[in-house]
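Enquirer: Enclosed is the structure file entry34.txt (compact mmCIF, C-alpha atoms).
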```
# COMPACT_ATOMS: atom_id res chain seq x y z
CA MET A 1 94.69 79.71 106.73
CA ARG A 2 97.06 79.82 109.71
CA PRO A 3 97.15 82.71 112.19
CA THR A 4 99.73 85.45 111.69
CA LYS A 5 100.98 88.67 113.25
CA ILE A 6 100.32 92.01 111.56
CA VAL A 7 101.74 95.34 112.74
CA VAL A 8 100.06 98.56 111.60
CA ILE A 9 102.32 101.64 111.95
CA GLY A 10 100.42 104.91 111.76
CA ALA A 11 97.25 103.31 113.12
CA GLY A 12 96.21 106.49 114.96
CA SER A 13 95.27 108.21 111.71
CA ALA A 14 91.52 108.82 111.47
CA SER A 15 91.61 108.24 107.71
CA PHE A 16 93.90 105.17 107.72
CA GLY A 17 93.25 103.40 111.02
CA PRO A 18 89.52 102.61 110.74
CA SER A 19 89.81 101.38 107.15
CA SER A 20 92.65 99.02 108.10
CA LEU A 21 90.64 97.71 111.04
CA ARG A 22 87.61 97.16 108.84
CA ASP A 23 89.65 95.16 106.33
CA ALA A 24 91.34 93.11 109.05
CA ILE A 25 87.96 92.22 110.54
CA ASN A 26 86.71 91.14 107.12
CA CYS A 27 89.78 89.15 106.10
CA GLU A 28 88.56 85.57 105.84
CA GLY A 29 90.63 83.09 107.79
CA LEU A 30 92.45 85.64 109.98
CA SER A 31 90.85 84.42 113.23
CA GLY A 32 93.47 83.73 115.88
CA SER A 33 95.89 86.28 114.42
CA THR A 34 97.45 89.18 116.33
CA LEU A 35 96.96 92.76 115.16
CA VAL A 36 99.29 95.29 116.77
CA LEU A 37 98.49 99.00 116.39
CA VAL A 38 101.40 101.44 116.58
CA ASP A 39 101.38 105.23 116.63
CA LEU A 40 103.50 107.92 118.30
CA ASP A 41 100.38 109.84 119.34
CA ALA A 42 99.33 107.92 122.45
CA GLN A 43 95.96 109.63 122.75
CA ARG A 44 94.85 108.88 119.20
CA LEU A 45 96.28 105.38 119.44
CA GLU A 46 94.20 104.69 122.55
CA VAL A 47 91.04 105.71 120.69
CA MET A 48 91.92 103.45 117.77
CA ALA A 49 92.67 100.55 120.09
CA ARG A 50 89.25 100.96 121.69
CA LEU A 51 87.71 101.00 118.21
CA ALA A 52 89.63 97.87 117.20
CA ASN A 53 88.42 95.99 120.24
CA ARG A 54 84.83 97.14 119.65
CA LEU A 55 84.84 96.02 115.99
CA ASN A 56 86.57 92.76 116.88
CA GLU A 57 83.93 92.09 119.52
CA VAL A 58 80.81 92.89 117.48
CA SER A 59 82.09 90.97 114.44
CA GLY A 60 83.37 87.89 116.24
CA ALA A 61 86.52 88.09 114.12
CA GLY A 62 88.61 86.40 116.81
CA LEU A 63 91.65 88.67 116.56
CA THR A 64 94.02 89.50 119.40
CA ILE A 65 94.36 93.30 119.52
CA GLU A 66 97.45 94.98 120.97
CA HIS A 67 98.72 98.55 120.84
CA THR A 68 101.94 100.39 121.67
CA THR A 69 103.78 103.63 120.89
CA ASP A 70 107.05 101.68 120.61
CA ARG A 71 107.33 99.83 117.31
CA LYS A 72 110.34 97.87 118.58
CA LYS A 73 108.01 96.14 121.02
CA ALA A 74 105.51 95.45 118.24
CA LEU A 75 107.74 94.10 115.48
CA PRO A 76 109.21 90.81 116.85
CA GLY A 77 107.45 87.90 115.17
CA ALA A 78 105.56 90.03 112.65
CA GLU A 79 104.98 88.59 109.19
CA PHE A 80 103.39 91.73 107.78
CA VAL A 81 104.04 95.41 108.57
CA ILE A 82 101.65 98.01 107.17
CA THR A 83 102.82 101.64 107.15
CA SER A 84 101.03 104.92 106.67
CA ILE A 85 103.29 107.61 108.08
CA ALA A 86 103.19 111.39 108.04
CA MET A 87 104.72 114.12 110.16
CA ASN A 88 102.52 117.14 110.82
CA ARG A 89 101.16 116.37 107.37
CA GLU A 90 99.01 119.29 106.32
CA ALA A 91 100.95 122.09 108.00
CA LEU A 92 104.15 120.98 106.28
CA TRP A 93 102.32 120.28 103.02
CA LYS A 94 101.07 123.87 102.97
CA LEU A 95 104.68 125.05 103.19
CA ASP A 96 105.63 122.65 100.38
CA TRP A 97 102.95 124.36 98.26
CA GLU A 98 103.43 128.01 99.28
CA ILE A 99 107.23 128.28 99.22
CA PRO A 100 107.77 127.12 95.60
CA LEU A 101 104.88 129.31 94.42
CA LYS A 102 106.48 132.31 96.13
CA HIS A 103 109.58 131.64 94.00
CA GLY A 104 107.52 131.34 90.81
CA ILE A 105 107.46 127.53 90.57
CA LYS A 106 103.99 126.39 89.55
CA GLN A 107 103.03 123.07 91.15
CA ILE A 108 99.68 121.34 90.92
CA MET A 109 99.67 119.82 94.42
CA GLY A 110 103.17 119.76 95.87
CA GLU A 111 102.81 116.30 97.41
CA ASN A 112 104.59 113.76 95.18
CA GLY A 113 106.34 115.70 92.42
CA GLY A 114 108.03 119.07 92.03
CA PRO A 115 109.79 120.84 94.92
CA GLY A 116 106.96 119.88 97.29
CA GLY A 117 107.36 116.22 96.44
CA LEU A 118 111.11 116.54 97.03
CA ALA A 119 110.60 118.06 100.49
CA HIS A 120 107.95 115.47 101.34
CA ALA A 121 110.30 112.64 100.34
CA LEU A 122 113.25 114.12 102.25
CA ARG A 123 111.11 114.04 105.40
CA ASN A 124 109.57 110.58 104.95
CA ILE A 125 112.40 108.50 103.47
CA PRO A 126 114.55 108.56 106.64
CA VAL A 127 111.51 107.51 108.70
CA ILE A 128 110.62 104.56 106.45
CA LEU A 129 114.27 103.47 106.37
CA ASP A 130 114.43 103.59 110.18
CA ILE A 131 111.35 101.34 110.30
CA CYS A 132 113.07 98.95 107.89
CA ARG A 133 116.25 98.93 110.00
CA ASP A 134 114.15 97.81 112.97
CA MET A 135 112.47 95.19 110.78
CA GLU A 136 115.85 93.86 109.65
CA LYS A 137 116.71 93.20 113.29
CA LEU A 138 113.32 92.13 114.66
CA CYS A 139 111.32 90.58 111.78
CA PRO A 140 113.67 90.30 108.79
CA ASN A 141 111.37 88.09 106.74
CA ALA A 142 108.26 90.26 107.13
CA LEU A 143 106.65 91.96 104.15
CA LEU A 144 106.38 95.74 104.33
CA VAL A 145 103.10 97.02 102.84
CA ASN A 146 103.43 100.78 102.40
CA PHE A 147 100.70 103.37 101.87
CA SER A 148 102.87 106.43 102.59
CA ASN A 149 103.63 109.05 99.97
CA PRO A 150 105.59 109.84 97.88
CA GLU A 151 104.99 106.16 97.16
CA SER A 152 107.51 105.50 94.37
CA ARG A 153 110.32 107.32 96.15
CA LEU A 154 109.79 105.57 99.48
CA CYS A 155 109.56 102.16 97.81
CA LEU A 156 112.72 102.89 95.81
CA ALA A 157 114.56 103.84 99.00
CA VAL A 158 113.48 100.60 100.68
CA SER A 159 114.49 98.56 97.64
CA LYS A 160 117.93 100.14 97.26
CA HIS A 161 118.95 100.63 100.88
CA THR A 162 117.43 97.74 102.87
CA SER A 163 116.96 93.98 102.63
CA ILE A 164 113.24 94.18 103.41
CA LYS A 165 110.68 92.85 100.94
CA SER A 166 108.11 95.55 100.23
CA VAL A 167 105.10 96.49 98.16
CA GLY A 168 103.51 99.91 97.81
CA LEU A 169 99.74 100.33 97.45
CA CYS A 170 97.56 103.07 96.03
CA HIS A 171 93.83 102.99 95.27
CA GLY A 172 94.07 105.44 92.35
CA ILE A 173 93.41 102.81 89.67
CA PHE A 174 90.04 101.93 91.21
CA GLY A 175 88.90 105.56 91.13
CA SER A 176 89.93 105.84 87.47
CA ILE A 177 88.04 102.70 86.49
CA ASP A 178 84.95 103.98 88.28
CA ARG A 179 85.28 107.33 86.50
CA ILE A 180 85.47 105.59 83.13
CA ARG A 181 82.42 103.46 83.97
CA ARG A 182 80.35 106.56 84.64
CA ALA A 183 81.65 108.41 81.59
CA ILE A 184 80.89 105.68 79.05
CA GLY A 185 77.90 104.07 80.76
CA VAL A 186 79.43 100.58 80.92
CA SER A 187 79.56 98.83 84.28
CA ASP A 188 81.61 95.69 83.55
CA ILE A 189 85.07 97.01 82.75
CA ASN A 190 88.47 95.34 82.80
CA ALA A 191 91.48 97.63 82.62
CA ILE A 192 95.21 96.95 82.57
CA ALA A 193 97.33 99.91 83.64
CA ALA A 194 101.08 100.37 84.07
CA GLY A 195 103.59 103.12 84.69
CA LEU A 196 104.60 104.90 87.89
CA ASN A 197 102.56 105.63 90.97
CA HIS A 198 100.12 108.47 90.27
CA PHE A 199 101.31 108.33 86.65
CA THR A 200 99.92 105.10 85.21
CA TRP A 201 98.42 104.57 81.76
CA MET A 202 95.55 102.32 80.73
CA LEU A 203 97.09 99.88 78.24
CA SER A 204 93.71 98.28 77.59
CA ILE A 205 90.10 98.99 78.53
CA THR A 206 87.69 96.17 77.69
CA ARG A 207 84.19 94.98 78.51
CA ALA A 208 84.57 92.16 81.03
CA SER A 209 81.67 90.11 79.71
CA THR A 210 82.63 90.12 76.02
CA GLY A 211 86.25 91.30 75.70
CA GLU A 212 85.10 94.22 73.50
CA ASP A 213 87.70 97.00 73.13
CA LEU A 214 86.16 100.05 74.83
CA TYR A 215 88.91 102.52 73.93
CA PRO A 216 87.02 103.92 70.88
CA LEU A 217 84.07 104.70 73.16
CA VAL A 218 86.33 106.17 75.85
CA ARG A 219 87.98 108.49 73.30
CA ARG A 220 84.63 109.58 71.84
CA LYS A 221 83.16 110.33 75.26
CA SER A 222 86.32 112.22 76.19
CA ARG A 223 85.96 114.50 73.15
CA GLU A 224 82.32 115.15 74.10
CA SER A 225 83.13 116.07 77.71
CA ALA A 226 82.69 119.55 79.14
CA PRO A 227 85.85 121.70 78.84
CA ASP A 228 86.36 121.81 82.62
CA GLU A 229 85.94 118.06 83.13
CA MET A 230 89.37 116.45 83.71
CA PRO A 231 91.05 118.72 81.12
CA LEU A 232 94.59 117.41 81.68
CA THR A 233 93.48 113.76 81.47
CA ARG A 234 91.63 114.48 78.23
CA TYR A 235 94.58 116.39 76.79
CA LEU A 236 97.03 113.58 77.55
CA LEU A 237 94.64 110.96 76.17
CA ASP A 238 94.50 112.88 72.92
CA ALA A 239 98.23 113.63 72.76
CA PHE A 240 99.63 110.26 73.83
CA GLY A 241 96.80 107.88 72.92
CA LEU A 242 96.28 106.26 76.34
CA TYR A 243 94.10 107.18 79.30
CA PRO A 244 96.22 108.34 82.29
CA SER A 245 95.42 107.58 85.92
CA PRO A 246 94.53 108.50 88.66
CA GLY A 247 93.32 112.02 87.84
CA ASP A 248 94.42 115.52 86.92
CA ASP A 249 95.72 116.57 90.34
CA HIS A 250 98.16 113.70 90.79
CA ILE A 251 99.14 113.33 87.13
CA GLY A 252 99.83 117.06 86.93
CA GLU A 253 102.51 116.82 89.60
CA TYR A 254 104.88 115.31 87.03
CA ILE A 255 104.16 117.60 84.08
CA GLY A 256 105.68 121.06 83.75
CA TYR A 257 102.85 122.52 81.66
CA ALA A 258 99.99 121.05 83.71
CA TRP A 259 99.15 124.41 85.33
CA GLU A 260 98.45 125.88 81.88
CA ILE A 261 95.68 123.34 81.36
CA MET A 262 94.15 122.97 84.82
CA GLY A 263 95.14 126.08 86.75
CA LEU A 264 96.74 126.41 90.18
CA LYS A 265 94.09 125.57 92.74
CA GLY A 266 96.30 123.33 94.86
CA TYR A 267 95.16 120.80 97.41
CA ASN A 268 91.76 121.29 99.03
CA PHE A 269 92.89 121.60 102.66
CA ASP A 270 89.47 122.81 103.80
CA GLY A 271 87.79 119.81 102.23
CA ALA A 272 90.33 117.48 103.83
CA ARG A 273 89.70 119.00 107.25
CA GLU A 274 85.94 118.54 106.83
CA TYR A 275 86.51 114.92 105.75
CA ARG A 276 88.56 114.23 108.89
CA GLU A 277 85.94 115.84 111.09
CA ASN A 278 83.28 113.59 109.57
CA LEU A 279 85.51 110.56 110.12
CA GLN A 280 85.86 111.49 113.77
CA VAL A 281 82.08 111.66 114.08
CA THR A 282 81.92 108.16 112.57
CA ILE A 283 84.56 106.87 115.00
CA ASP A 284 82.68 108.33 117.98
CA ARG A 285 79.46 106.70 116.81
CA LEU A 286 81.17 103.35 116.26
CA LEU A 287 82.39 103.43 119.84
CA SER A 288 78.95 104.25 121.25
CA ASP A 289 76.47 102.49 118.94
CA GLY A 290 76.78 98.71 118.74
CA ASP A 291 74.24 98.32 115.93
CA PHE A 292 76.07 100.89 113.80
CA ALA A 293 79.38 99.11 114.47
CA ARG A 294 77.90 95.76 113.41
CA GLU A 295 76.75 97.27 110.10
CA TYR A 296 80.06 99.08 109.57
CA VAL A 297 82.18 95.93 109.76
CA LYS A 298 80.18 94.27 107.00
CA GLY A 299 81.90 96.45 104.38
CA ARG A 300 85.46 96.75 103.06
CA SER A 301 87.51 99.90 102.54
CA GLY A 302 88.49 99.15 98.94
CA GLU A 303 92.20 98.90 99.80
CA ILE A 304 94.01 95.63 99.07
CA ALA A 305 96.57 95.22 101.88
CA PHE A 306 94.61 92.38 103.44
CA ASN A 307 94.03 90.80 100.02
CA ILE A 308 97.82 90.50 99.87
CA ILE A 309 98.05 89.07 103.39
CA ARG A 310 95.37 86.49 102.68
CA GLY A 311 96.82 85.79 99.23
CA ILE A 312 100.21 84.90 100.69
CA LEU A 313 98.90 82.88 103.63
CA ALA A 314 96.23 81.00 101.64
CA ASP A 315 98.10 80.89 98.28
CA THR A 316 95.09 82.37 96.46
CA ASN A 317 96.89 83.48 93.26
CA GLU A 318 94.59 86.51 93.26
CA LEU A 319 95.02 89.12 90.54
CA LEU A 320 95.82 92.59 91.89
CA ALA A 321 95.07 95.59 89.68
CA ALA A 322 98.05 97.69 90.79
CA VAL A 323 101.07 97.35 93.07
CA ASN A 324 104.30 99.32 93.36
CA ILE A 325 107.31 97.01 93.19
CA PRO A 326 110.81 96.92 91.62
CA ASN A 327 110.36 96.66 87.86
CA ASN A 328 112.52 93.60 87.14
CA GLY A 329 111.31 93.51 83.53
CA CYS A 330 107.58 94.10 84.10
CA ILE A 331 107.74 97.22 81.90
CA THR A 332 110.38 96.31 79.38
CA ASN A 333 111.45 99.82 78.33
CA LEU A 334 111.88 101.20 81.86
CA PRO A 335 114.97 100.49 84.02
CA SER A 336 114.89 97.14 85.78
CA ASP A 337 115.71 98.65 89.19
CA SER A 338 113.07 101.37 89.05
CA VAL A 339 109.85 101.10 91.05
CA VAL A 340 106.82 100.75 88.80
CA GLU A 341 103.09 100.34 89.27
CA VAL A 342 101.81 97.24 87.49
CA PRO A 343 99.25 94.45 87.87
CA ALA A 344 100.40 91.47 89.92
CA VAL A 345 99.43 88.06 91.23
CA VAL A 346 99.73 87.27 94.93
CA GLY A 347 100.30 83.78 96.28
CA ALA A 348 102.51 81.78 98.60
CA ASN A 349 105.61 83.08 96.81
CA GLY A 350 104.63 86.69 97.45
CA VAL A 351 103.60 89.51 95.13
CA MET A 352 104.67 88.77 91.55
CA GLY A 353 104.40 91.59 89.02
CA LEU A 354 103.06 90.81 85.57
CA CYS A 355 105.00 91.66 82.42
CA VAL A 356 103.11 94.23 80.34
CA GLY A 357 105.79 94.84 77.69
CA ASP A 358 106.81 98.28 76.41
CA LEU A 359 105.05 101.54 77.12
CA PRO A 360 104.59 103.79 74.08
CA ASP A 361 107.77 105.81 73.48
CA GLY A 362 106.33 109.19 74.48
CA ILE A 363 104.94 107.83 77.74
CA ALA A 364 108.15 105.92 78.49
CA ALA A 365 110.10 109.15 77.96
CA MET A 366 108.04 110.95 80.61
CA CYS A 367 108.31 108.01 83.01
CA ASN A 368 112.07 107.76 82.54
CA THR A 369 112.42 111.45 83.39
CA GLN A 370 110.59 110.85 86.66
CA ILE A 371 112.65 107.74 87.40
CA GLY A 372 115.80 109.84 87.10
CA VAL A 373 114.38 112.44 89.47
CA GLN A 374 113.33 109.74 91.95
CA ARG A 375 116.83 108.30 92.06
CA LEU A 376 118.30 111.71 92.84
CA VAL A 377 115.68 112.38 95.51
CA VAL A 378 116.41 109.07 97.25
CA GLU A 379 120.16 109.69 97.14
CA ALA A 380 119.68 113.19 98.56
CA ALA A 381 117.47 111.86 101.36
CA VAL A 382 119.95 109.14 102.29
CA THR A 383 123.11 111.26 102.11
CA GLY A 384 121.78 114.65 103.22
CA SER A 385 123.44 116.26 100.19
CA ARG A 386 122.14 119.71 99.23
CA ARG A 387 124.00 119.37 95.91
CA ILE A 388 122.11 116.21 94.96
CA ALA A 389 118.83 117.69 96.20
CA LEU A 390 119.44 120.66 93.90
CA GLN A 391 120.13 118.28 91.01
CA ALA A 392 116.79 116.59 91.70
CA MET A 393 115.11 119.99 91.62
CA LEU A 394 116.81 121.04 88.38
CA ALA A 395 115.97 117.73 86.69
CA ASP A 396 112.27 118.04 87.56
CA PRO A 397 110.05 119.17 84.64
CA VAL A 398 108.02 121.36 87.02
CA VAL A 399 111.06 123.59 87.72
CA GLN A 400 111.76 126.19 85.01
CA SER A 401 114.31 128.49 86.69
CA ALA A 402 117.74 127.69 88.11
CA GLU A 403 117.67 130.73 90.39
CA ALA A 404 114.21 129.87 91.69
CA ALA A 405 115.27 126.25 92.23
CA ALA A 406 118.22 127.21 94.45
CA LYS A 407 116.29 129.76 96.49
CA CYS A 408 113.28 127.48 96.86
CA LEU A 409 115.43 124.54 97.93
CA ASP A 410 117.29 126.55 100.55
CA GLU A 411 114.06 127.87 102.04
CA LEU A 412 112.49 124.40 102.11
CA LEU A 413 115.58 122.95 103.80
CA SER A 414 115.53 125.78 106.32
CA VAL A 415 111.86 125.62 107.33
CA HIS A 416 111.87 121.81 107.44
CA ALA A 417 115.22 121.58 109.27
CA PRO A 418 113.69 119.95 112.40
CA TYR A 419 112.50 117.08 110.19
CA LEU A 420 115.71 116.76 108.14
CA PRO A 421 118.49 115.71 110.51
CA ARG A 422 120.65 114.39 107.67
CA PHE A 423 120.93 117.94 106.29
CA GLY A 424 122.06 119.40 109.63
```
Represent the structure of the file as structure tokens.

Expert:
Amino acid sequence: MRPTKIVVIGAGSASFGPSSLRDAINCEGLSGSTLVLVDLDAQRLEVMARLANRLNEVSGAGLTIEHTTDRKKALPGAEFVITSIAMNREALWKLDWEIPLKHGIKQIMGENGGPGGLAHALRNIPVILDICRDMEKLCPNALLVNFSNPESRLCLAVSKHTSIKSVGLCHGIFGSIDRIRRAIGVSDINAIAAGLNHFTWMLSITRASTGEDLYPLVRRKSRESAPDEMPLTRYLLDAFGLYPSPGDDHIGEYIGYAWEIMGLKGYNFDGAREYRENLQVTIDRLLSDGDFAREYVKGRSGEIAFNIIRGILADTNELLAAVNIPNNGCITNLPSDSVVEVPAVVGANGVMGLCVGDLPDGIAAMCNTQIGVQRLVVEAAVTGSRRIALQAMLADPVVQSAEAAAKCLDELLSVHAPYLPRFG
């Protein structure tokens, strides 16, 4: 496999940076390649660059590590650009949760759907498009690998408004498969899932060793579950016949009645803060303890960005469980230009989605509703139109009041004004 150049934008993140470094170190055949870390926070970037050099040294991976706060210096010659962007993530997310609730709009998380998902997309879409504009000038043939949320909306914006090839990644499917393994007591599971990001549906669940259909067992175990164990997932499985992924909190963002089934607990900000603090402890130890660093680099994060990089460079034809790409007929009863999450094969020709046929009518109806909302959100983000943003709000199943929608939207646009220059 020949050397390449990979740019990681958002590398200063304690949750994203170390996992990307770990996967780069473990990517077979990447020796001689250049890994450029980019982040606007110079202090955090410096720490991550030190960590990258430490892991590169103890592993003998043979990478060239560079870092800069200026992506325009990083992008020339890149073949792959990995993005995980967020602006003041949790502080703004809290507003995305609190403001709609104040107006009586009941969201589950407020990150990817509902008014919170709209505000999140309005902030992030201009940033991802600016990155793509730089890529069009500096590395037009590079593949953008995006981890940023709201995944479907950002990928749709890139697809419709740039010439950059892109793929969006989410690890939700792997968590769902692991959850099913534990629930039914079967370790060797194959699952095929398709739909939208954070709203996919298991079309088949089989035993890998024999091909046995495990759906009857999944449904029986679901009926035997405790009432408070994934209640929305179990309800949807019973109502629509397929197991949804990746879990109640994300699925519920797209369903207006989700709060009736699972309550209104919102995102666990305290738990997230504790998780980040623990990650920082790990980073500090990696920088100071060579033996710990040598053990750390032996594992993988579970993400598949570097599977894609290796798959393209080495033409592996590896099967990927889930990628977010333009539909182009993969799901035959969803619009061709929508962004869907489907299995794919990666090789020298890039990431090729697999055709899974039709979704059941009821599931396709819910997905098509979200596709319509996503289109409006992208148009609002690109044009800065309050009118279209309001249409996106009114079309969203989470919003039940026209008056609340207008008031909520105006407050969100006001408090997020520094991050929404197109609405100025």

Enquirer: Pick out the residues sitting within 9 Å of segment 65-70 of chain A, and hand them over as a ChimeraX atom specification; count all atoms listed in the file, and ignore anything fewer than 4 positions along from it in its own chain.

Expert: /A:33-42,45-46,48-49,52-53,56,74

Enquirer: Atoms to include: C-alpha atoms. Write the selected residues as a PDB file, in the coordinates of the input.

Expert:
```
ATOM      1  CA  SER A  33      95.890  86.280 114.420  1.00  0.00           C
ATOM      2  CA  THR A  34      97.450  89.180 116.330  1.00  0.00           C
ATOM      3  CA  LEU A  35      96.960  92.760 115.160  1.00  0.00           C
ATOM      4  CA  VAL A  36      99.290  95.290 116.770  1.00  0.00           C
ATOM      5  CA  LEU A  37      98.490  99.000 116.390  1.00  0.00           C
ATOM      6  CA  VAL A  38     101.400 101.440 116.580  1.00  0.00           C
ATOM      7  CA  ASP A  39     101.380 105.230 116.630  1.00  0.00           C
ATOM      8  CA  LEU A  40     103.500 107.920 118.300  1.00  0.00           C
ATOM      9  CA  ASP A  41     100.380 109.840 119.340  1.00  0.00           C
ATOM     10  CA  ALA A  42      99.330 107.920 122.450  1.00  0.00           C
ATOM     11  CA  LEU A  45      96.280 105.380 119.440  1.00  0.00           C
ATOM     12  CA  GLU A  46      94.200 104.690 122.550  1.00  0.00           C
ATOM     13  CA  MET A  48      91.920 103.450 117.770  1.00  0.00           C
ATOM     14  CA  ALA A  49      92.670 100.550 120.090  1.00  0.00           C
ATOM     15  CA  ALA A  52      89.630  97.870 117.200  1.00  0.00           C
ATOM     16  CA  ASN A  53      88.420  95.990 120.240  1.00  0.00           C
ATOM     17  CA  ASN A  56      86.570  92.760 116.880  1.00  0.00           C
ATOM     18  CA  ALA A  74     105.510  95.450 118.240  1.00  0.00           C
TER      19      ALA A  74
END
```

Enquirer: Would you please work out which residue, of A:Gly347, A:Pro18, A:Pro227, A:Gly12, is nearest to Ile309 of chain A when using all atoms listed in the file?

Expert: A:Gly347

Enquirer: Which polymer residues, whether protein, DNA or RNA, lie within 12 Å of the coordinate (111.9, 112.5, 102.5) when you count only C-alpha atoms? List them as a PDB file with C-alpha atoms, keeping the file's coordinate frame, using the chain letters and numbers from the file.

Expert:
```pdb
ATOM      1  CA  ILE A  85     103.290 107.610 108.080  1.00  0.00           C
ATOM      2  CA  ALA A  86     103.190 111.390 108.040  1.00  0.00           C
ATOM      3  CA  MET A  87     104.720 114.120 110.160  1.00  0.00           C
ATOM      4  CA  GLU A 111     102.810 116.300  97.410  1.00  0.00           C
ATOM      5  CA  ASN A 112     104.590 113.760  95.180  1.00  0.00           C
ATOM      6  CA  GLY A 113     106.340 115.700  92.420  1.00  0.00           C
ATOM      7  CA  PRO A 115     109.790 120.840  94.920  1.00  0.00           C
ATOM      8  CA  GLY A 116     106.960 119.880  97.290  1.00  0.00           C
ATOM      9  CA  GLY A 117     107.360 116.220  96.440  1.00  0.00           C
ATOM     10  CA  LEU A 118     111.110 116.540  97.030  1.00  0.00           C
ATOM     11  CA  ALA A 119     110.600 118.060 100.490  1.00  0.00           C
ATOM     12  CA  HIS A 120     107.950 115.470 101.340  1.00  0.00           C
ATOM     13  CA  ALA A 121     110.300 112.640 100.340  1.00  0.00           C
ATOM     14  CA  LEU A 122     113.250 114.120 102.250  1.00  0.00           C
ATOM     15  CA  ARG A 123     111.110 114.040 105.400  1.00  0.00           C
ATOM     16  CA  ASN A 124     109.570 110.580 104.950  1.00  0.00           C
ATOM     17  CA  ILE A 125     112.400 108.500 103.470  1.00  0.00           C
ATOM     18  CA  PRO A 126     114.550 108.560 106.640  1.00  0.00           C
ATOM     19  CA  VAL A 127     111.510 107.510 108.700  1.00  0.00           C
ATOM     20  CA  ILE A 128     110.620 104.560 106.450  1.00  0.00           C
ATOM     21  CA  LEU A 129     114.270 103.470 106.370  1.00  0.00           C
ATOM     22  CA  SER A 148     102.870 106.430 102.590  1.00  0.00           C
ATOM     23  CA  ASN A 149     103.630 109.050  99.970  1.00  0.00           C
ATOM     24  CA  PRO A 150     105.590 109.840  97.880  1.00  0.00           C
ATOM     25  CA  GLU A 151     104.990 106.160  97.160  1.00  0.00           C
ATOM     26  CA  SER A 152     107.510 105.500  94.370  1.00  0.00           C
ATOM     27  CA  ARG A 153     110.320 107.320  96.150  1.00  0.00           C
ATOM     28  CA  LEU A 154     109.790 105.570  99.480  1.00  0.00           C
ATOM     29  CA  CYS A 155     109.560 102.160  97.810  1.00  0.00           C
ATOM     30  CA  LEU A 156     112.720 102.890  95.810  1.00  0.00           C
ATOM     31  CA  ALA A 157     114.560 103.840  99.000  1.00  0.00           C
ATOM     32  CA  GLN A 374     113.330 109.740  91.950  1.00  0.00           C
ATOM     33  CA  LEU A 376     118.300 111.710  92.840  1.00  0.00           C
ATOM     34  CA  VAL A 377     115.680 112.380  95.510  1.00  0.00           C
ATOM     35  CA  VAL A 378     116.410 109.070  97.250  1.00  0.00           C
ATOM     36  CA  GLU A 379     120.160 109.690  97.140  1.00  0.00           C
ATOM     37  CA  ALA A 380     119.680 113.190  98.560  1.00  0.00           C
ATOM     38  CA  ALA A 381     117.470 111.860 101.360  1.00  0.00           C
ATOM     39  CA  VAL A 382     119.950 109.140 102.290  1.00  0.00           C
ATOM     40  CA  THR A 383     123.110 111.260 102.110  1.00  0.00           C
ATOM     41  CA  GLY A 384     121.780 114.650 103.220  1.00  0.00           C
ATOM     42  CA  ALA A 389     118.830 117.690  96.200  1.00  0.00           C
ATOM     43  CA  LEU A 412     112.490 124.400 102.110  1.00  0.00           C
ATOM     44  CA  LEU A 413     115.580 122.950 103.800  1.00  0.00           C
ATOM     45  CA  HIS A 416     111.870 121.810 107.440  1.00  0.00           C
ATOM     46  CA  ALA A 417     115.220 121.580 109.270  1.00  0.00           C
ATOM     47  CA  TYR A 419     112.500 117.080 110.190  1.00  0.00           C
ATOM     48  CA  LEU A 420     115.710 116.760 108.140  1.00  0.00           C
ATOM     49  CA  PRO A 421     118.490 115.710 110.510  1.00  0.00           C
ATOM     50  CA  ARG A 422     120.650 114.390 107.670  1.00  0.00           C
ATOM     51  CA  PHE A 423     120.930 117.940 106.290  1.00  0.00           C
TER      52      PHE A 423
END
```

Enquirer: Quick one: residues within 10 Å of Tyr235 of chain A, all atoms listed in the file, excluding same-chain residues fewer than 3 positions away - as a compact mmCIF listing (two decimals) with C-alpha atoms, in the coordinates of the input?

Expert:
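This went into around00.txt:
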```
# COMPACT_ATOMS: atom_id res chain seq x y z
CA SER A 222 86.32 112.22 76.19
CA ARG A 223 85.96 114.50 73.15
CA MET A 230 89.37 116.45 83.71
CA PRO A 231 91.05 118.72 81.12
CA LEU A 232 94.59 117.41 81.68
CA ASP A 238 94.50 112.88 72.92
CA ALA A 239 98.23 113.63 72.76
CA PHE A 240 99.63 110.26 73.83
CA GLY A 241 96.80 107.88 72.92
CA TYR A 243 94.10 107.18 79.30
CA PRO A 244 96.22 108.34 82.29
CA ALA A 258 99.99 121.05 83.71
CA ILE A 261 95.68 123.34 81.36
```

Enquirer: What lies within 12 Å of Ser59 of chain A using all atoms listed in the file, ignoring chain neighbours under 5 positions off, as a list in words?

Expert: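 Those residues are Leu21, Arg22, Asp23, Ala24, Ile25, Asn26, Cys27, Ser31, Ala52, Asn53, Arg54, Gly290, Asp291, Phe292, Ala293, Arg294, Glu295, Tyr296, Val297, Lys298 and Gly299 of chain A.
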
Enquirer: Would you pick out the contacts of segment 164-172 of chain A at 10 Å or less, using all atoms listed in the file, so that residues sharing its chain but fewer than 3 positions from it are not included, and give the list as JSON, numbers by chain?

Expert: {"A": [80, 81, 82, 83, 129, 132, 133, 135, 136, 139, 140, 141, 142, 143, 144, 145, 146, 147, 148, 149, 151, 152, 154, 155, 156, 158, 159, 160, 161, 175, 176, 177, 197, 198, 199, 200, 245, 246, 247, 250, 302, 303, 304, 305, 308, 321, 322, 323, 324, 325, 326, 339, 340, 341, 350, 351]}

Enquirer: Which residue gives the smallest distance to Asp289 of chain A among A:Lys137, A:Leu51, A:Ile9, A:Gly110, with all atoms listed in the file counted?

Expert: A:Leu51
